[in-house]
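Structure first, then comments.
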Amino acid sequence: MNVLVFDIQADFGHFRQLYSTSSPLTYSFIPPTALFGLLGAITGVGKEENEYLRVFNHETTNVAIRLMGPVRKTRVGINYVNTKGNIWVPKQRREGARTQIRVEFLRFPHFRCYVSMNDHERFSYLIDLVRQHKSVYTPCLGLSECLADVQFVAMEEFRFVEVDGEDHVPICSVIPGKEMRALKVEPGKEYRKERVAWKMNAERVVSQYEEVVFEAGGQPILASVPIIGEMNKESGSSFSIPMERESKMYSHPHYLLSEHMRGVEQLSSLFLSEKSVRLAEPMLLSQMNRWIALFHDLGKSHAFFQQYIQSPDAFQGSPALKSHALLSAVLLAVFLKEKGIDDFWRLLAFLVVKRHHGNLDDWLEELKRMGEETKDLLKRQVEAVDYSALAEQMALAGFEKEENWTKETWMAWVDEFFTEARSLRRFIMSWNRRNESLVPYVQALFLFSLLIDADKSEAGIVQKQPWSFSKRKDVPVDLILRYKQQQSWHQTGLNQLREQAFQEVDRAPIDLRQHFYRLNLPTGMGKTLASLHFALRLREKIEQEQGVKPRIIYSLPFLSVIDQTANVLREVFSVNGVEEDHQLWLAHHHLADIRYTTKQDDERYDVDYEAAKLLIEGWHSELIVTTFVQLFETIFSNRNASLRKFHRLANSIVLIDEVQAVPHRYWLAIRQLFAVMAEELGCYFLFSSATDPKWFPEAVSLVDEQVYFQPLSRVTLYPHIDESWTIEEFARRIQWEEGKTYLFVLNTIESGKAFYHALLEEGGDETEITFLSTHIPPKERLRRIMAVKRGEYRIVVSTQLIEAGVDVDFDVVYRDIAPLDSIQQAAGRCNRHGRRKGEVHVVRLTDNRRLYASYIYDAIRLDITQKLLKGKREVEEGQFLQLITSYFETLAARMSNAESERLLKGMMTLYFDGEETIDRIPVSHFRLIEGDGEKINVFIELDEEAADVFREYEEILRLGDRWERRKRFAALKSRFSQYVIAIPAKVDHRPPIVHGIGYVGRDSLNDFYDETLGYRTKSEGLIW
């Protein structure tokens, strides 16, 4: 903390003691209330309506006062003129016109003042004026006649220091009596105590008096105080001054602890009240939620945290000393014991509160850390609490029981918790062995999510701007119907089939006892609109019969599909006359723009960045379009940032599109967790796909699948898998037909590049051919895809990225061997609209060592696929359903569930983090997308816009304020990512690393980047 040090002295001074009457007496030093007035005079804050007391007070300004010489007093007769009743003529009446009163004055008063302010701008102004020996109004010591001189002394660095035990330290300032534990009397010193006006409100009414101790000669006092402020520069020696400590307690800068705890309790209770869940008996769940909210920041009441929050830069103690979560958690655990709560719920609450600023950890490991060193730390924190102020804060927060807010009680609670820590560990070990349910896992995530969402929302939104979390918005149940009525689609056979499917979904009966549904339709059959329409029907029925308003979570595997779905939703709402409103719907993924627009009180506005980030990441909307990663790494997670939105899944309707993209290794774990979420949280699930793995056999089908698969004859699949071909052989065998378009899907980037070159060697026209892979920046990939849609290219060579929801259409598709579901996804890019018969050819490509497919797919799925296709000359589209059903049935029988079983064991033992063991995996190890080796992100400076983006990125990195850096980069991130690719860390031709990222500038573009094929690896035989 920076402290301004200045001297003030005068010939006379008078600070009238408020309790003196006929003979006005003066305090021996300038009291804080008068010092605030002096600061107001220097900076020009007027006395009108006592404005200076609103600007300078104990909430905004820390002060300390030192006597620079002995206290000398004298009495002077002062003639007071009676101005009442218009009596002003001196000789009219002696007793009425004037009265002589002997007034006590300080003679040659000289004080050193130490000042620090929270308002940095005003503090800087004050410093500048004092340095320049200037003031707006004339400074004086008490009375206007006592003109004073203010002299700058120094700017000092100030730090808080804890004083151990009964140690006596020299204090050079006056000492508030409440701060002093003991006084060491020294010979030759004169000790005095005066009761002064310490605090005064804006109406100049004294709200607090303090007895203050000082040495009359201006010498230091040896005293024992809990905490001192120390400066080491002034006059070359060490000075200690007890800065004014407030009785108010803060949770955040300038925000009262009681306000925050009450706000968090109200928000978490509101979030819970929106839901209908069966996790526990309603009264118990409500009480646990409330106690967790009220206790979560109770540990912030100790002086170390209060010092830190008011001046972070000045705090010199260890990070552990200013911590608060552990103390809060320990106090809550013992409090709950006194309330008769059983050990499981107590420990769950302990875990939630202890980790509310971090990630969840193994609950057994948390108890193992409860040693003597930790106990001593907590006792030091308990010693440093102002319990009278705490009682006031807790009463304001809603706790009235004063006996809980004493040092004796808290010391006893800490002792009790550490005494029972060993038995609690034994309880956990025994519980872990017995438990075979996922319900406790969901209980933990639910309570943790309620707390951290309420905590972050209160601090980041409610404290800064008016916002109502209680106002939910309605989405019309006929939203999709009204949109469809405005469309004029051609009456083709395929569109008629689409409409038939939609009408069947519209008529599908809804039984709220059934929580699982599926929509299995061929590619291009309108699953998006049909599933959204069913979700809106289901939402209306739940709201009518259960009294809760479910959110709709639409989850998709790929960002490209999310963008397409978001565009559809934008058009649907627009056609319905609904302007953009993120309270109605939003898209959330790691590259989503941090922008939140809404309409309240008939006015539209954008919330600020920090609030927008919290609202978007907290899924504060009625309909959320998001990725598989966001969904599954919310329910299988220990991460604070991910779990914050978990509670919003309660009573939600979860749409999982392209469900076959979920890795089989997690099927069992997801199935069991979804079953618990349906039963305990009231969730509903709809799985949609053209290749439904039917891993939820109890799911009710919304359509008669055979009706839509059997009539289709858009494509014929031709397996060519009896032999393997090299890239060159394959290129020579292709039978080209004039006027047809071709898509080739290869399994690796290198095989794709090789095939592109092979086509050119076979006489291909490079103006007709384009290439797609993840080694081409997203902006350029999108440009090429749009060009393909416009018919600018006849031939496309691509990796599997073309299968990730890219809406393109070809006459002929060639697919290197892959699992059958991937082959069917590739087939979905062939003759999508049924204009003429399409062909899909499956081939086996090799590098003369092994199949390219074997580098990226597991052997079991490839083997099942090849056995199902072996011996078949052709497969019509109407047979796809039977074929894919056989594939998934065989896969379920052959694939191991070992990883799911170990993950489930980790979840059932609340093993949120740690090392993998033979029988369990910590929840933190869940990864929906398996890593394929270490990667390096590379920025490719493709064009002038890319150069501008990178320059802006460098400017952001130079910003000193990390919060501003984060905000600015969030605004840039979407544009920045358009030029970023990921390459293997082991690549031979690595780019220079600039600011932590690979960088290929315009001047070196040709060295690292091929305009057609993307990044130049210069590596032979390296497969990704």
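If you're wondering about the labels, chains in the structure tokens are A, B, ... by order shown, residues count from 1 in each chain, ligands from 1 in order shown.
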Give the alpha helix (DSSP H) residues of stretch 538-763 of chain A, as assigned by DSSP on the backbone, as a PyMOL selection string. chain A and resi 538-546+559-575+609-617+628-635+640-643+667-681+705-709+727-733+749-761
Between stretch 441-485 of chain A and stretch 634-649 of chain A, at 7 Å or less, what are the per-residue closest atom pairs and their distances in Å? Count only C-alpha atoms, order by chain and rising residue number, and return it as CSV.
```
residue,atom,partner,partner_atom,distance
A:Leu445,CA,A:Leu643,CA,6.9
A:Phe446,CA,A:His647,CA,5.4
A:Ser449,CA,A:Arg644,CA,4.6
A:Leu450,CA,A:His647,CA,6.2
A:Ile452,CA,A:Arg644,CA,5.8
A:Asp453,CA,A:Arg644,CA,5.1
```
Counting only C-alpha atoms, what is within 9 Å of A:Glu392, bar same-chain residues fewer than 5 positions away, as a PyMOL selection string? chain A and resi 248+258+387+397
Please dump the current selection as a PDB file, in the first residue's frame; keep N, CA, C and O atoms.
```
ATOM      1  N   LYS A 248     -16.317  -2.690   9.626  1.00  0.00           N
ATOM      2  CA  LYS A 248     -16.973  -3.332   8.508  1.00  0.00           C
ATOM      3  C   LYS A 248     -16.042  -4.379   7.899  1.00  0.00           C
ATOM      4  O   LYS A 248     -14.833  -4.236   7.911  1.00  0.00           O
ATOM      5  N   SER A 258     -21.352  -9.137   4.449  1.00  0.00           N
ATOM      6  CA  SER A 258     -22.743  -9.519   4.716  1.00  0.00           C
ATOM      7  C   SER A 258     -23.593  -9.425   3.459  1.00  0.00           C
ATOM      8  O   SER A 258     -24.453 -10.280   3.210  1.00  0.00           O
ATOM      9  N   TYR A 387     -14.807  -9.994  16.411  1.00  0.00           N
ATOM     10  CA  TYR A 387     -16.062 -10.727  16.599  1.00  0.00           C
ATOM     11  C   TYR A 387     -17.269  -9.827  16.809  1.00  0.00           C
ATOM     12  O   TYR A 387     -18.390 -10.215  16.479  1.00  0.00           O
ATOM     13  N   ALA A 397     -26.540 -10.667   7.408  1.00  0.00           N
ATOM     14  CA  ALA A 397     -26.602 -11.747   6.420  1.00  0.00           C
ATOM     15  C   ALA A 397     -27.745 -12.708   6.689  1.00  0.00           C
ATOM     16  O   ALA A 397     -28.040 -13.559   5.860  1.00  0.00           O
TER      17      ALA A 397
END
```
From a backbone DSSP assignment, name each residue in stretch 368-609 of chain A labelled strand (DSSP E), as a short mmCIF file (atom, residue, chain, number, x, y, z; two decimals) with N, CA and C atoms, in the first residue's frame.
```cif
data_model
loop_
_atom_site.label_atom_id
_atom_site.label_comp_id
_atom_site.auth_asym_id
_atom_site.auth_seq_id
_atom_site.Cartn_x
_atom_site.Cartn_y
_atom_site.Cartn_z
N PHE A 516 -36.45 -40.97 -22.03
CA PHE A 516 -35.51 -41.18 -23.13
C PHE A 516 -36.27 -41.37 -24.45
N TYR A 517 -35.83 -40.62 -25.47
CA TYR A 517 -36.44 -40.69 -26.79
C TYR A 517 -35.33 -40.74 -27.84
N ARG A 518 -35.70 -41.24 -29.03
CA ARG A 518 -34.71 -41.23 -30.11
C ARG A 518 -35.39 -40.86 -31.43
N LEU A 519 -34.61 -40.21 -32.29
CA LEU A 519 -35.08 -39.81 -33.61
C LEU A 519 -34.04 -40.27 -34.61
N ASN A 520 -34.29 -41.43 -35.24
CA ASN A 520 -33.34 -42.01 -36.17
C ASN A 520 -33.89 -41.84 -37.58
N ILE A 552 -33.68 -26.08 -22.82
CA ILE A 552 -33.39 -27.02 -23.89
C ILE A 552 -31.91 -26.91 -24.23
N ILE A 553 -31.19 -28.01 -24.09
CA ILE A 553 -29.76 -28.05 -24.39
C ILE A 553 -29.58 -28.85 -25.67
N TYR A 554 -29.18 -28.19 -26.74
CA TYR A 554 -28.99 -28.85 -28.04
C TYR A 554 -27.49 -29.05 -28.24
N SER A 555 -27.05 -30.29 -28.19
CA SER A 555 -25.61 -30.60 -28.20
C SER A 555 -25.23 -31.31 -29.50
N LEU A 556 -24.14 -30.82 -30.10
CA LEU A 556 -23.66 -31.38 -31.37
C LEU A 556 -22.16 -31.63 -31.29
N TRP A 585 -32.09 -17.62 -26.59
CA TRP A 585 -31.21 -18.68 -27.07
C TRP A 585 -29.81 -18.14 -27.28
N LEU A 586 -28.84 -19.01 -27.12
CA LEU A 586 -27.45 -18.64 -27.35
C LEU A 586 -26.66 -19.86 -27.80
N ALA A 587 -25.55 -19.60 -28.46
CA ALA A 587 -24.61 -20.65 -28.85
C ALA A 587 -23.37 -20.53 -27.97
N HIS A 588 -22.93 -21.65 -27.41
CA HIS A 588 -21.79 -21.62 -26.50
C HIS A 588 -20.76 -22.68 -26.88
N THR A 597 -26.75 -9.99 -25.69
CA THR A 597 -27.75 -8.96 -25.97
C THR A 597 -29.11 -9.44 -25.47
N THR A 598 -29.84 -8.57 -24.84
CA THR A 598 -31.17 -8.96 -24.35
C THR A 598 -32.11 -7.77 -24.42
N LYS A 599 -33.36 -8.05 -24.12
CA LYS A 599 -34.38 -7.01 -24.13
C LYS A 599 -35.09 -7.02 -22.79
N GLN A 600 -35.02 -5.90 -22.09
CA GLN A 600 -35.71 -5.76 -20.81
C GLN A 600 -36.41 -4.41 -20.77
N GLU A 603 -36.54 -2.35 -23.94
CA GLU A 603 -35.31 -1.77 -24.48
C GLU A 603 -34.26 -2.85 -24.64
N ARG A 604 -33.51 -2.79 -25.74
CA ARG A 604 -32.43 -3.74 -25.99
C ARG A 604 -31.11 -3.16 -25.53
N TYR A 605 -30.29 -4.00 -24.96
CA TYR A 605 -28.96 -3.53 -24.57
C TYR A 605 -27.99 -4.69 -24.49
N ASP A 606 -26.71 -4.36 -24.63
CA ASP A 606 -25.63 -5.34 -24.49
C ASP A 606 -25.05 -5.21 -23.10
#
```
For stretch 212-222 of chain A: contacts at 10 Å, only C-alpha atoms, fewer than 5 positions along chain excluded, given as a PDB file with N, CA and C atoms, in the first residue's frame:
```pdb
ATOM      1  N   SER A  28      -5.917  16.605  22.353  1.00  0.00           N
ATOM      2  CA  SER A  28      -4.462  16.810  22.313  1.00  0.00           C
ATOM      3  C   SER A  28      -3.888  16.570  20.919  1.00  0.00           C
ATOM      4  N   PHE A  29      -4.648  16.010  20.023  1.00  0.00           N
ATOM      5  CA  PHE A  29      -4.167  15.737  18.664  1.00  0.00           C
ATOM      6  C   PHE A  29      -5.345  15.904  17.711  1.00  0.00           C
ATOM      7  N   PRO A  31      -8.163  14.728  15.636  1.00  0.00           N
ATOM      8  CA  PRO A  31      -8.908  13.471  15.522  1.00  0.00           C
ATOM      9  C   PRO A  31      -9.177  13.136  14.056  1.00  0.00           C
ATOM     10  N   ARG A  66       0.463  10.969  14.202  1.00  0.00           N
ATOM     11  CA  ARG A  66       1.611  10.936  15.110  1.00  0.00           C
ATOM     12  C   ARG A  66       1.871  12.341  15.676  1.00  0.00           C
ATOM     13  N   LEU A  67       2.117  12.433  16.979  1.00  0.00           N
ATOM     14  CA  LEU A  67       2.526  13.692  17.597  1.00  0.00           C
ATOM     15  C   LEU A  67       4.014  13.885  17.358  1.00  0.00           C
ATOM     16  N   MET A  68       4.389  15.039  16.812  1.00  0.00           N
ATOM     17  CA  MET A  68       5.799  15.306  16.503  1.00  0.00           C
ATOM     18  C   MET A  68       6.489  16.114  17.604  1.00  0.00           C
ATOM     19  N   GLY A  69       5.767  16.411  18.673  1.00  0.00           N
ATOM     20  CA  GLY A  69       6.363  17.129  19.793  1.00  0.00           C
ATOM     21  C   GLY A  69       5.453  17.014  20.991  1.00  0.00           C
ATOM     22  N   PRO A  70       5.866  17.570  22.116  1.00  0.00           N
ATOM     23  CA  PRO A  70       5.036  17.472  23.321  1.00  0.00           C
ATOM     24  C   PRO A  70       3.729  18.244  23.168  1.00  0.00           C
ATOM     25  N   VAL A  71       2.724  17.763  23.905  1.00  0.00           N
ATOM     26  CA  VAL A  71       1.428  18.442  23.900  1.00  0.00           C
ATOM     27  C   VAL A  71       1.529  19.662  24.801  1.00  0.00           C
ATOM     28  N   ARG A  72       1.314  20.852  24.211  1.00  0.00           N
ATOM     29  CA  ARG A  72       1.332  22.101  24.983  1.00  0.00           C
ATOM     30  C   ARG A  72      -0.011  22.780  24.803  1.00  0.00           C
ATOM     31  N   HIS A 110       2.050  20.215  16.181  1.00  0.00           N
ATOM     32  CA  HIS A 110       2.777  19.662  15.029  1.00  0.00           C
ATOM     33  C   HIS A 110       2.453  18.163  14.958  1.00  0.00           C
ATOM     34  N   PHE A 111       1.798  17.780  13.845  1.00  0.00           N
ATOM     35  CA  PHE A 111       1.410  16.369  13.687  1.00  0.00           C
ATOM     36  C   PHE A 111       1.934  15.827  12.361  1.00  0.00           C
ATOM     37  N   ASP A 167       4.225  -9.849  22.298  1.00  0.00           N
ATOM     38  CA  ASP A 167       5.376  -9.011  21.952  1.00  0.00           C
ATOM     39  C   ASP A 167       4.992  -7.544  21.981  1.00  0.00           C
ATOM     40  N   HIS A 168       5.906  -6.720  22.529  1.00  0.00           N
ATOM     41  CA  HIS A 168       5.689  -5.276  22.571  1.00  0.00           C
ATOM     42  C   HIS A 168       6.538  -4.634  21.475  1.00  0.00           C
ATOM     43  N   VAL A 169       5.916  -3.783  20.696  1.00  0.00           N
ATOM     44  CA  VAL A 169       6.625  -3.104  19.615  1.00  0.00           C
ATOM     45  C   VAL A 169       6.451  -1.603  19.795  1.00  0.00           C
ATOM     46  N   PRO A 170       7.426  -0.825  19.334  1.00  0.00           N
ATOM     47  CA  PRO A 170       7.294   0.633  19.459  1.00  0.00           C
ATOM     48  C   PRO A 170       6.284   1.173  18.456  1.00  0.00           C
ATOM     49  N   ILE A 171       5.297   1.888  18.962  1.00  0.00           N
ATOM     50  CA  ILE A 171       4.253   2.472  18.130  1.00  0.00           C
ATOM     51  C   ILE A 171       4.404   3.982  18.195  1.00  0.00           C
ATOM     52  N   CYS A 172       4.593   4.603  17.047  1.00  0.00           N
ATOM     53  CA  CYS A 172       4.846   6.043  17.064  1.00  0.00           C
ATOM     54  C   CYS A 172       3.588   6.867  16.906  1.00  0.00           C
ATOM     55  N   SER A 173       2.459   6.207  16.602  1.00  0.00           N
ATOM     56  CA  SER A 173       1.215   6.952  16.417  1.00  0.00           C
ATOM     57  C   SER A 173       0.340   6.826  17.648  1.00  0.00           C
ATOM     58  N   VAL A 174      -0.743   7.585  17.653  1.00  0.00           N
ATOM     59  CA  VAL A 174      -1.754   7.380  18.690  1.00  0.00           C
ATOM     60  C   VAL A 174      -2.371   6.005  18.458  1.00  0.00           C
ATOM     61  N   ILE A 175      -2.827   5.357  19.538  1.00  0.00           N
ATOM     62  CA  ILE A 175      -3.291   3.975  19.435  1.00  0.00           C
ATOM     63  C   ILE A 175      -4.734   3.876  19.897  1.00  0.00           C
ATOM     64  N   PRO A 176      -5.647   3.416  19.032  1.00  0.00           N
ATOM     65  CA  PRO A 176      -7.004   3.145  19.516  1.00  0.00           C
ATOM     66  C   PRO A 176      -6.956   2.089  20.607  1.00  0.00           C
ATOM     67  N   GLY A 177      -7.653   2.349  21.701  1.00  0.00           N
ATOM     68  CA  GLY A 177      -7.581   1.445  22.838  1.00  0.00           C
ATOM     69  C   GLY A 177      -7.998   0.026  22.514  1.00  0.00           C
ATOM     70  N   LYS A 178      -8.951  -0.159  21.585  1.00  0.00           N
ATOM     71  CA  LYS A 178      -9.423  -1.504  21.265  1.00  0.00           C
ATOM     72  C   LYS A 178      -8.353  -2.339  20.580  1.00  0.00           C
ATOM     73  N   GLU A 179      -7.325  -1.643  20.019  1.00  0.00           N
ATOM     74  CA  GLU A 179      -6.265  -2.365  19.335  1.00  0.00           C
ATOM     75  C   GLU A 179      -5.199  -2.884  20.298  1.00  0.00           C
ATOM     76  N   MET A 180      -5.168  -2.353  21.511  1.00  0.00           N
ATOM     77  CA  MET A 180      -4.039  -2.586  22.402  1.00  0.00           C
ATOM     78  C   MET A 180      -4.316  -3.749  23.350  1.00  0.00           C
ATOM     79  N   ALA A 182      -1.776  -4.943  25.416  1.00  0.00           N
ATOM     80  CA  ALA A 182      -1.025  -4.644  26.643  1.00  0.00           C
ATOM     81  C   ALA A 182      -0.131  -3.438  26.401  1.00  0.00           C
ATOM     82  N   LEU A 183       0.190  -2.729  27.491  1.00  0.00           N
ATOM     83  CA  LEU A 183       1.051  -1.552  27.425  1.00  0.00           C
ATOM     84  C   LEU A 183       2.236  -1.753  28.350  1.00  0.00           C
ATOM     85  N   LYS A 184       3.428  -1.479  27.851  1.00  0.00           N
ATOM     86  CA  LYS A 184       4.625  -1.568  28.694  1.00  0.00           C
ATOM     87  C   LYS A 184       5.019  -0.156  29.121  1.00  0.00           C
ATOM     88  N   VAL A 185       4.864   0.112  30.420  1.00  0.00           N
ATOM     89  CA  VAL A 185       5.139   1.455  30.939  1.00  0.00           C
ATOM     90  C   VAL A 185       6.644   1.652  31.073  1.00  0.00           C
ATOM     91  N   GLU A 186       7.142   2.751  30.516  1.00  0.00           N
ATOM     92  CA  GLU A 186       8.573   3.064  30.579  1.00  0.00           C
ATOM     93  C   GLU A 186       8.786   4.318  31.418  1.00  0.00           C
ATOM     94  N   GLY A 188       9.891   7.904  32.632  1.00  0.00           N
ATOM     95  CA  GLY A 188      10.117   9.163  31.945  1.00  0.00           C
ATOM     96  C   GLY A 188       9.089   9.491  30.873  1.00  0.00           C
ATOM     97  N   LYS A 189       8.126   8.609  30.725  1.00  0.00           N
ATOM     98  CA  LYS A 189       7.105   8.862  29.706  1.00  0.00           C
ATOM     99  C   LYS A 189       5.766   9.147  30.380  1.00  0.00           C
ATOM    100  N   GLU A 190       5.001  10.037  29.768  1.00  0.00           N
ATOM    101  CA  GLU A 190       3.704  10.415  30.308  1.00  0.00           C
ATOM    102  C   GLU A 190       2.606   9.862  29.392  1.00  0.00           C
ATOM    103  N   TYR A 191       1.829   8.935  29.918  1.00  0.00           N
ATOM    104  CA  TYR A 191       0.802   8.281  29.114  1.00  0.00           C
ATOM    105  C   TYR A 191      -0.558   8.946  29.369  1.00  0.00           C
ATOM    106  N   ARG A 192      -1.261   9.209  28.291  1.00  0.00           N
ATOM    107  CA  ARG A 192      -2.579   9.813  28.419  1.00  0.00           C
ATOM    108  C   ARG A 192      -3.602   9.023  27.584  1.00  0.00           C
ATOM    109  N   LYS A 193      -4.849   9.156  27.993  1.00  0.00           N
ATOM    110  CA  LYS A 193      -5.937   8.510  27.272  1.00  0.00           C
ATOM    111  C   LYS A 193      -7.071   9.512  27.124  1.00  0.00           C
ATOM    112  N   GLU A 194      -7.521   9.701  25.898  1.00  0.00           N
ATOM    113  CA  GLU A 194      -8.622  10.614  25.638  1.00  0.00           C
ATOM    114  C   GLU A 194      -9.693   9.893  24.822  1.00  0.00           C
ATOM    115  N   ARG A 195     -10.937  10.217  25.104  1.00  0.00           N
ATOM    116  CA  ARG A 195     -12.066   9.650  24.354  1.00  0.00           C
ATOM    117  C   ARG A 195     -12.438  10.645  23.261  1.00  0.00           C
ATOM    118  N   VAL A 196     -12.208  10.232  22.009  1.00  0.00           N
ATOM    119  CA  VAL A 196     -12.375  11.157  20.894  1.00  0.00           C
ATOM    120  C   VAL A 196     -13.499  10.686  19.981  1.00  0.00           C
ATOM    121  N   TRP A 198     -14.498   9.334  16.824  1.00  0.00           N
ATOM    122  CA  TRP A 198     -13.715   8.541  15.858  1.00  0.00           C
ATOM    123  C   TRP A 198     -14.397   8.494  14.494  1.00  0.00           C
ATOM    124  N   PHE A 239       9.352   2.459  11.347  1.00  0.00           N
ATOM    125  CA  PHE A 239       8.215   3.073  12.019  1.00  0.00           C
ATOM    126  C   PHE A 239       7.029   2.136  11.916  1.00  0.00           C
ATOM    127  N   SER A 240       6.278   2.029  12.977  1.00  0.00           N
ATOM    128  CA  SER A 240       5.083   1.192  12.976  1.00  0.00           C
ATOM    129  C   SER A 240       3.883   2.033  13.362  1.00  0.00           C
TER     130      SER A 240
END
```
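One finds atom CA of A:Pro319 at 25.3 Å from atom CA of A:Thr409.
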Excluding A:Pro24 and its own-chain neighbours fewer than 6 positions away, which residues fall within 10 Å of it when counting only C-alpha atoms? Please give them as a PyMOL selection string. chain A and resi 14-18+75+101-105
Sorted by chain and rising residue number, which residues of stretch 616-669 of chain A lie within 8 Å of stretch 882-901 of chain A, and what are their closest atom pairs and distances in Å to one decimal, counting only C-alpha atoms, as CSV?
```
residue,atom,partner,partner_atom,distance
A:His664,CA,A:Met895,CA,7.7
A:Arg665,CA,A:Asn897,CA,6.1
A:Tyr666,CA,A:Ser900,CA,5.2
A:Trp667,CA,A:Ser900,CA,7.2
A:Leu668,CA,A:Ser900,CA,5.8
A:Ala669,CA,A:Ser900,CA,5.0
```
Mind dumping the selected residues with C-alpha atoms as a CSV table (one decimal), in the first residue's frame?
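Below you can see out-v3.csv, which holds the result:
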```csv
chain,number,residue,atom,x,y,z
A,664,HIS,CA,-17.8,-46.2,-27.3
A,665,ARG,CA,-15.4,-46.4,-24.3
A,666,TYR,CA,-17.7,-44.1,-22.4
A,667,TRP,CA,-21.1,-45.6,-23.4
A,668,LEU,CA,-21.6,-47.5,-20.2
A,669,ALA,CA,-20.6,-44.6,-17.9
```
Could you give me, as JSON, numbers by chain, the residues within 10 Å of A:Leu538, counting only C-alpha atoms and dropping anything in the same chain fewer than 6 positions from it? {"A": [477, 509, 510, 511, 512, 532, 544, 550, 552, 653, 684]}
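Distance-wise, atom CA of A:Arg262 and atom CA of A:Gly398 end up 7.0 Å apart.
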If you measure from atom CA of A:Asp474 to atom CA of A:Glu540, what distance in Å do you get, rounded to one decimal?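 Straight-line distance from atom CA of A:Asp474 to atom CA of A:Glu540 works out to 9.7 Å.
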Distance criterion (only C-alpha atoms): nearest to A:Gly358 out of A:Ala325, A:Leu631, A:Phe305, A:Tyr814: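 Among the listed residues, the smallest separation from A:Gly358 belongs to A:Ala325.
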Neighbour list for A:Thr691 as a ChimeraX atom specification, cut-off 12 Å, only C-alpha atoms, skip fewer than 3 positions in-chain: /A:518-523,657-662,687-688,694-695,705,709,819-828,880-888
